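The data block below is coords18.cif; it holds mmCIF, C-alpha atoms and all ligand atoms.
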```cif
data_query
loop_
_atom_site.label_atom_id
_atom_site.label_comp_id
_atom_site.auth_asym_id
_atom_site.auth_seq_id
_atom_site.Cartn_x
_atom_site.Cartn_y
_atom_site.Cartn_z
CA MET A 1 8.62 7.85 16.17
CA ILE A 2 9.16 10.57 13.55
CA TYR A 3 11.03 9.49 10.41
CA SER A 4 13.25 11.85 8.43
CA GLU A 5 12.87 12.48 4.67
CA ASP A 6 15.80 10.12 3.98
CA ASP A 7 14.05 7.21 5.70
CA ILE A 8 10.68 7.46 3.96
CA LEU A 9 9.58 4.27 2.16
CA MET A 10 6.92 3.68 -0.51
CA LEU A 11 3.44 3.43 0.99
CA SER A 12 2.22 0.99 -1.69
CA GLY A 13 4.83 -1.46 -0.36
CA ILE A 14 2.74 -2.07 2.76
CA GLN A 15 0.33 -4.22 0.71
CA HIS A 16 3.27 -6.36 -0.49
CA PHE A 17 4.64 -6.59 3.06
CA ALA A 18 1.24 -7.69 4.44
CA PHE A 19 0.94 -10.28 1.61
CA CYS A 20 4.48 -11.69 1.96
CA LYS A 21 7.55 -10.09 3.56
CA ARG A 22 9.81 -11.78 1.05
CA GLN A 23 7.82 -10.35 -1.87
CA TRP A 24 8.23 -6.85 -0.39
CA ALA A 25 11.97 -7.38 0.17
CA LEU A 26 12.51 -8.67 -3.39
CA ILE A 27 10.83 -5.54 -4.78
CA HIS A 28 11.99 -2.87 -2.33
CA ILE A 29 15.38 -4.16 -1.11
CA GLU A 30 16.60 -6.21 -4.09
CA GLN A 31 14.82 -3.93 -6.59
CA LEU A 32 13.41 -6.85 -8.56
CA TRP A 33 10.01 -6.57 -10.21
CA ALA A 34 7.88 -8.82 -12.36
CA GLU A 35 4.53 -8.27 -13.96
CA ASN A 36 1.82 -10.84 -14.25
CA GLU A 37 -1.63 -10.25 -15.64
CA ARG A 38 -2.86 -9.12 -12.24
CA THR A 39 -0.30 -6.32 -11.85
CA VAL A 40 -0.75 -5.23 -15.50
CA GLU A 41 -4.49 -5.04 -14.92
CA GLY A 42 -3.81 -3.13 -11.70
CA HIS A 43 -1.59 -0.60 -13.51
CA PHE A 44 -4.32 -0.04 -16.13
CA LEU A 45 -6.88 0.60 -13.43
CA HIS A 46 -4.53 2.97 -11.62
CA LYS A 47 -3.84 4.86 -14.86
CA ARG A 48 -7.52 5.74 -14.98
CA ALA A 49 -7.51 6.89 -11.36
CA ASP A 50 -4.04 8.51 -11.52
CA ASN A 51 -5.07 11.57 -13.48
CA PRO A 52 -3.09 14.09 -11.45
CA PHE A 53 -4.29 17.34 -9.94
CA ILE A 54 -7.83 17.28 -11.31
CA SER A 55 -10.58 18.04 -8.90
CA GLU A 56 -14.21 18.06 -9.80
CA ASN A 57 -17.51 18.75 -8.17
CA ARG A 58 -19.82 15.74 -8.28
CA ASN A 59 -23.04 15.70 -6.21
CA GLY A 60 -21.56 18.30 -3.86
CA ILE A 61 -18.42 16.21 -3.40
CA ARG A 62 -15.00 17.51 -4.48
CA VAL A 63 -12.71 14.82 -5.86
CA ALA A 64 -8.91 15.04 -5.91
CA ARG A 65 -7.11 12.42 -7.98
CA ALA A 66 -3.55 11.11 -7.67
CA MET A 67 -2.93 13.14 -4.54
CA PRO A 68 0.64 12.93 -3.12
CA ILE A 69 0.50 11.91 0.54
CA ILE A 70 3.05 11.39 3.33
CA SER A 71 3.19 10.37 6.98
CA TYR A 72 6.30 11.05 9.06
CA THR A 73 5.02 8.85 11.91
CA LEU A 74 4.69 5.87 9.55
CA GLY A 75 7.69 6.89 7.43
CA LEU A 76 5.69 6.25 4.25
CA ARG A 77 4.81 8.31 1.19
CA GLY A 78 2.68 7.55 -1.84
CA ILE A 79 -0.16 8.59 -4.09
CA ALA A 80 -3.81 8.34 -3.07
CA ASP A 81 -5.89 7.28 -6.11
CA VAL A 82 -8.89 9.37 -5.15
CA VAL A 83 -9.66 11.55 -2.14
CA GLU A 84 -13.21 12.77 -1.74
CA PHE A 85 -14.11 15.90 0.23
CA SER A 86 -17.74 16.20 1.30
CA GLU A 87 -19.07 19.41 2.77
CA ALA A 88 -19.93 19.38 6.47
CA GLU A 89 -22.30 21.67 8.38
CA TYR A 90 -20.46 21.87 11.69
CA GLU A 91 -16.80 22.13 12.62
CA SER A 92 -15.43 19.09 14.46
CA GLN A 93 -12.34 16.89 14.65
CA PHE A 94 -13.68 15.23 11.47
CA THR A 95 -13.61 18.42 9.37
CA THR A 96 -10.84 20.36 7.70
CA ARG A 97 -10.50 23.45 5.52
CA LEU A 98 -9.32 23.43 1.90
CA ASN A 99 -7.21 26.01 0.10
CA ASN A 100 -9.28 27.91 -2.46
CA TYR A 101 -12.59 26.40 -1.32
CA GLN A 102 -14.82 27.82 1.38
CA GLY A 103 -16.51 25.70 4.02
CA LEU A 104 -15.72 22.68 6.14
CA TRP A 105 -14.92 19.31 4.59
CA LYS A 106 -14.89 15.65 5.61
CA VAL A 107 -12.15 13.56 3.99
CA THR A 108 -12.52 10.05 2.53
CA PRO A 109 -9.80 8.25 0.54
CA VAL A 110 -10.99 5.77 -2.12
CA GLU A 111 -8.43 3.17 -3.22
CA TYR A 112 -9.01 1.46 -6.59
CA LYS A 113 -8.32 -2.27 -6.78
CA ARG A 114 -8.57 -4.87 -9.49
CA GLY A 115 -10.53 -8.06 -8.81
CA LYS A 116 -12.77 -8.53 -5.84
CA PRO A 117 -12.40 -8.17 -2.06
CA LYS A 118 -9.59 -10.35 -0.71
CA LYS A 119 -9.54 -12.74 2.22
CA ASP A 120 -6.41 -11.14 3.70
CA ASP A 121 -6.03 -7.55 4.89
CA ARG A 122 -3.49 -6.19 2.36
CA ASP A 123 -5.98 -3.72 0.83
CA THR A 124 -7.28 -2.47 4.17
CA VAL A 125 -3.78 -1.85 5.59
CA GLN A 126 -2.90 0.20 2.49
CA LEU A 127 -6.11 2.22 2.85
CA CYS A 128 -5.47 2.76 6.57
CA ALA A 129 -1.90 3.97 5.81
CA GLN A 130 -3.43 6.49 3.38
CA VAL A 131 -5.84 7.64 6.09
CA ILE A 132 -2.98 8.17 8.57
CA CYS A 133 -1.10 10.24 5.93
CA LEU A 134 -4.15 12.41 5.22
CA GLU A 135 -4.87 12.88 8.94
CA GLU A 136 -1.32 14.10 9.53
CA MET A 137 -1.27 16.34 6.47
CA MET A 138 -4.74 17.85 6.92
CA LYS A 139 -4.99 17.85 10.74
CA VAL A 140 -8.26 15.94 10.61
CA LYS A 141 -9.67 12.67 11.94
CA ILE A 142 -10.94 10.16 9.37
CA GLU A 143 -13.29 7.37 10.44
CA PHE A 144 -13.80 5.57 7.14
CA GLY A 145 -12.09 4.92 3.83
CA GLU A 146 -13.42 3.08 0.79
CA LEU A 147 -12.07 0.33 -1.48
CA TYR A 148 -13.40 0.15 -5.06
CA TYR A 149 -13.11 -3.25 -6.78
CA ALA A 150 -13.12 -3.28 -10.58
CA GLN A 151 -14.41 -6.86 -10.91
CA THR A 152 -17.44 -6.35 -8.71
CA LYS A 153 -17.75 -2.61 -9.53
CA HIS A 154 -18.51 -2.15 -5.88
CA ARG A 155 -17.31 0.20 -3.18
CA GLN A 156 -16.62 -1.24 0.22
CA ARG A 157 -16.61 1.06 3.23
CA ILE A 158 -13.83 0.25 5.70
CA GLU A 159 -13.86 1.45 9.28
CA ILE A 160 -10.43 2.73 10.30
CA ASP A 161 -10.48 1.49 13.88
CA GLU A 162 -7.74 1.37 16.53
CA LYS A 163 -6.91 -2.30 15.88
CA LEU A 164 -6.28 -1.60 12.18
CA ARG A 165 -4.18 1.47 12.99
CA ILE A 166 -2.00 -0.55 15.41
CA ARG A 167 -1.50 -3.23 12.73
CA VAL A 168 -0.43 -0.59 10.19
CA TYR A 169 2.07 1.05 12.59
CA SER A 170 3.49 -2.39 13.41
CA LEU A 171 3.85 -3.32 9.70
CA ALA A 172 5.50 0.03 8.89
CA GLU A 173 7.97 -0.39 11.77
CA LYS A 174 8.91 -3.89 10.57
CA MET A 175 9.33 -2.60 6.99
CA HIS A 176 11.79 0.03 8.23
CA GLU A 177 13.68 -2.54 10.34
CA MET A 178 14.01 -4.93 7.39
CA PHE A 179 15.00 -2.12 5.03
CA ARG A 180 17.72 -0.93 7.47
CA GLU A 181 19.07 -4.49 7.78
CA GLY A 182 18.82 -5.01 4.02
CA ILE A 183 18.11 -8.71 4.48
CA THR A 184 15.54 -10.56 2.37
CA PRO A 185 13.73 -13.20 4.46
CA PRO A 186 13.47 -16.79 3.21
CA ALA A 187 10.41 -17.91 1.22
CA GLU A 188 7.22 -18.66 3.11
CA VAL A 189 5.79 -21.25 0.75
CA GLY A 190 2.00 -21.28 0.73
CA LYS A 191 -1.16 -20.88 -1.33
CA HIS A 192 -0.33 -17.20 -1.79
CA CYS A 193 2.66 -18.19 -4.01
CA SER A 194 0.26 -19.30 -6.79
CA ILE A 195 -1.01 -15.72 -7.24
CA CYS A 196 2.31 -13.99 -6.56
CA SER A 197 3.75 -11.80 -9.33
CA MET A 198 7.28 -12.57 -8.05
CA VAL A 199 7.04 -16.37 -8.09
CA ASP A 200 9.51 -16.86 -11.00
CA LEU A 201 12.08 -14.55 -9.42
CA CYS A 202 11.50 -15.88 -5.91
CA GLN A 203 11.65 -19.61 -6.75
CA PRO A 204 9.99 -20.29 -3.39
CA ARG A 205 10.60 -24.05 -3.23
CA LEU A 206 14.25 -23.69 -4.17
CA THR A 207 14.96 -20.62 -2.09
CA LYS A 208 13.06 -21.27 1.12
CA LYS A 209 16.35 -21.99 2.93
CA TYR A 210 18.17 -19.04 1.34
CA ARG A 211 17.40 -15.46 2.32
CA SER A 212 17.96 -13.72 -1.02
CA VAL A 213 18.06 -14.51 -4.71
CA ALA A 214 21.68 -13.31 -4.71
CA ASN A 215 22.46 -15.77 -1.87
CA TYR A 216 20.71 -18.56 -3.76
CA ILE A 217 22.70 -17.96 -6.94
CA ARG A 218 25.96 -17.77 -4.94
CA SER A 219 25.15 -21.02 -3.09
CA ALA A 220 24.08 -22.81 -6.28
CA PHE A 221 27.38 -21.72 -7.91
CA LEU A 222 29.44 -22.97 -4.94
CA GLU A 223 27.55 -26.28 -4.88
CA SER A 224 28.18 -26.79 -8.62
CA GLU A 225 31.91 -26.07 -8.12
CA GLU A 226 32.05 -28.65 -5.32
CA THR A 227 30.47 -31.34 -7.51
CA GLU A 228 32.68 -30.71 -10.54
S1 LIG B 301 6.48 -16.76 -4.39
FE1 LIG B 301 5.63 -17.05 -2.32
S2 LIG B 301 7.37 -16.84 -0.90
FE2 LIG B 301 7.99 -16.00 -2.90
S3 LIG B 301 7.59 -13.84 -2.78
FE3 LIG B 301 5.79 -14.75 -3.70
S4 LIG B 301 4.40 -15.23 -2.00
FE4 LIG B 301 6.42 -14.82 -1.12
#
```
Before we go any further, please render this structure as structure tokens.
Amino acid sequence: MIYSEDDILMLSGIQHFAFCKRQWALIHIEQLWAENERTVEGHFLHKRADNPFISENRNGIRVARAMPIISYTLGLRGIADVVEFSEAEYESQFTTRLNNYQGLWKVTPVEYKRGKPKKDDRDTVQLCAQVICLEEMMKVKIEFGELYYAQTKHRQRIEIDEKLRIRVYSLAEKMHEMFREGITPPAEVGKHCSICSMVDLCQPRLTKKYRSVANYIRSAFLESEETE
């Protein structure tokens, strides 16, 4: 499927959607947002990476920061923290050409994350979505991306295999479906709620039978009227 400009959603939302569909809907459908220390720390880290339109030459590798990216097959757009271009000897499906720079280049996105590697796949699906954007934009095939974790100061190489790509297309399709319907799903109470930046706005234990915060407030109001 090819999405039109009007249907494009924020790429960074795919990590919220993979973590909890309700969290994504509260942020992207209901336009609610809350910051906890984790998101503040994340913003700080991104500020360092989001230094737009600077490219540098480090050990033969060109580095583009805060690069705008888009995929019309995913219907997602966003900003890649860092994209590295390393020079290749031979032309292949894994090489592309760059404006203003001679030669052939392999492309590797590097996504900056606070903390350490997570047990779930929210970081890898975001990285894979970035890869799909870059492949579409630069007509190149990308086999690997990297995740950099501030707490461990370590880069993790992630293989962008077919299984991961299918998962990302499926998540993006569900995001578009939910956005079109405009319906926030009920809370899925679990361990993830204890690290969720939206927990105060979500009220997961109170709202697990109500789809949206607006619905919850309306129902609570009606219930209080009935008991008066
Ligand atoms: S508090 Fe729990 S159910 Fe609510 S948005 Fe966060 S993770 Fe999802």
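Using only C-alpha atoms and all ligand atoms, residues with at least one atom at most 7 Å away from any atom of ligand LIG 301 (chain B) are Cys20, Lys21, Arg22, Gln23, Ala187, Glu188, Val189, Gly190, His192, Cys193, Cys196, Ser197, Met198, Val199, Cys202, Gln203 and Pro204 of chain A.
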Residues around (11.6, 9.7, 10.4), cut-off 8 Å, counting only C-alpha atoms - what are they as a PyMOL selection string?
chain A and resi 1-8+72-75
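Distances from A:Phe94, A:Phe144, A:Trp24, A:Trp105 to Ile61 of chain A were compared using only C-alpha atoms, and the smallest one belongs to A:Trp105.
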For Leu9 of chain A: contacts at 10 Å, only C-alpha atoms, fewer than 4 positions along chain excluded, given as a PDB file with C-alpha atoms, in the coordinates of the input:
```
ATOM      1  CA  TYR A   3      11.030   9.490  10.410  1.00  0.00           C
ATOM      2  CA  GLU A   5      12.870  12.480   4.670  1.00  0.00           C
ATOM      3  CA  GLY A  13       4.830  -1.460  -0.360  1.00  0.00           C
ATOM      4  CA  ILE A  14       2.740  -2.070   2.760  1.00  0.00           C
ATOM      5  CA  HIS A  28      11.990  -2.870  -2.330  1.00  0.00           C
ATOM      6  CA  ILE A  70       3.050  11.390   3.330  1.00  0.00           C
ATOM      7  CA  LEU A  74       4.690   5.870   9.550  1.00  0.00           C
ATOM      8  CA  GLY A  75       7.690   6.890   7.430  1.00  0.00           C
ATOM      9  CA  LEU A  76       5.690   6.250   4.250  1.00  0.00           C
ATOM     10  CA  ARG A  77       4.810   8.310   1.190  1.00  0.00           C
ATOM     11  CA  GLY A  78       2.680   7.550  -1.840  1.00  0.00           C
ATOM     12  CA  ALA A 172       5.500   0.030   8.890  1.00  0.00           C
ATOM     13  CA  MET A 175       9.330  -2.600   6.990  1.00  0.00           C
ATOM     14  CA  HIS A 176      11.790   0.030   8.230  1.00  0.00           C
ATOM     15  CA  PHE A 179      15.000  -2.120   5.030  1.00  0.00           C
TER      16      PHE A 179
END
```
Neighbouring residues of Ile160 of chain A were defined as those with any atom within 12 Å, considering all atoms listed in the file; residues of the same chain fewer than 2 positions away were excluded. Please report them as an NGL selection string.
:A and (108-109 or 124-132 or 135 or 141-146 or 157-158 or 162-168)
Calculate, to one decimal in Å, the centre and edge lengths of the box along x, y and z of the file that holds all listed atoms of segment 8-26 of chain A with 3 Å of margin on each side, and present them as JSON.
```
{"center_x": 6.4, "center_y": -2.2, "center_z": 0.5, "size_x": 18.2, "size_y": 25.2, "size_z": 13.8}
```
Can you check which parts of segment 98-192 of chain A lie within 9 Å of segment 82-88 of chain A? Per residue, the shortest pair of atoms and distance in Å to one decimal, counting all atoms listed in the file, sorted by chain and number, as a Markdown table.
```
| residue | atom | partner | partner_atom | distance |
| --- | --- | --- | --- | --- |
| A:Gly103 | CA | A:Glu87 | CA | 6.9 |
| A:Leu104 | CA | A:Ala88 | CA | 5.4 |
| A:Trp105 | CA | A:Glu87 | CA | 4.5 |
| A:Lys106 | CA | A:Ser86 | CA | 5.2 |
| A:Val107 | CA | A:Phe85 | CA | 4.8 |
| A:Thr108 | CA | A:Glu84 | CA | 5.1 |
| A:Pro109 | CA | A:Val83 | CA | 4.3 |
| A:Val110 | CA | A:Val82 | CA | 5.2 |
| A:Glu111 | CA | A:Val82 | CA | 6.5 |
| A:Tyr112 | CA | A:Val82 | CA | 8.0 |
```
Those residues with C-alpha atoms, as a compact mmCIF listing (two decimals), in the coordinates of the input please?
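Here's the written file part-v2.txt:
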```txt
# COMPACT_ATOMS: atom_id res chain seq x y z
CA GLY A 103 -16.51 25.70 4.02
CA LEU A 104 -15.72 22.68 6.14
CA TRP A 105 -14.92 19.31 4.59
CA LYS A 106 -14.89 15.65 5.61
CA VAL A 107 -12.15 13.56 3.99
CA THR A 108 -12.52 10.05 2.53
CA PRO A 109 -9.80 8.25 0.54
CA VAL A 110 -10.99 5.77 -2.12
CA GLU A 111 -8.43 3.17 -3.22
CA TYR A 112 -9.01 1.46 -6.59
```
Go through A:Thr96, A:Lys118, A:Leu171, A:Met10 and flag the residue nearest Thr152 of chain A, using all atoms listed in the file for the distances.
A:Lys118
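Here the question is which of A:Lys139, A:Arg180, A:Lys191, A:Arg122 gets nearest to Arg97 of chain A using only C-alpha atoms, and that residue is A:Lys139.
The gap separating atom CA of Ala150 of chain A from atom CA of Glu136 of chain A is 29.1 Å, in Å to one decimal.
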Grab the atom CA of Met67 of chain A to atom CA of Ile29 of chain A distance for me, in Å with one decimal place.
25.4 Å
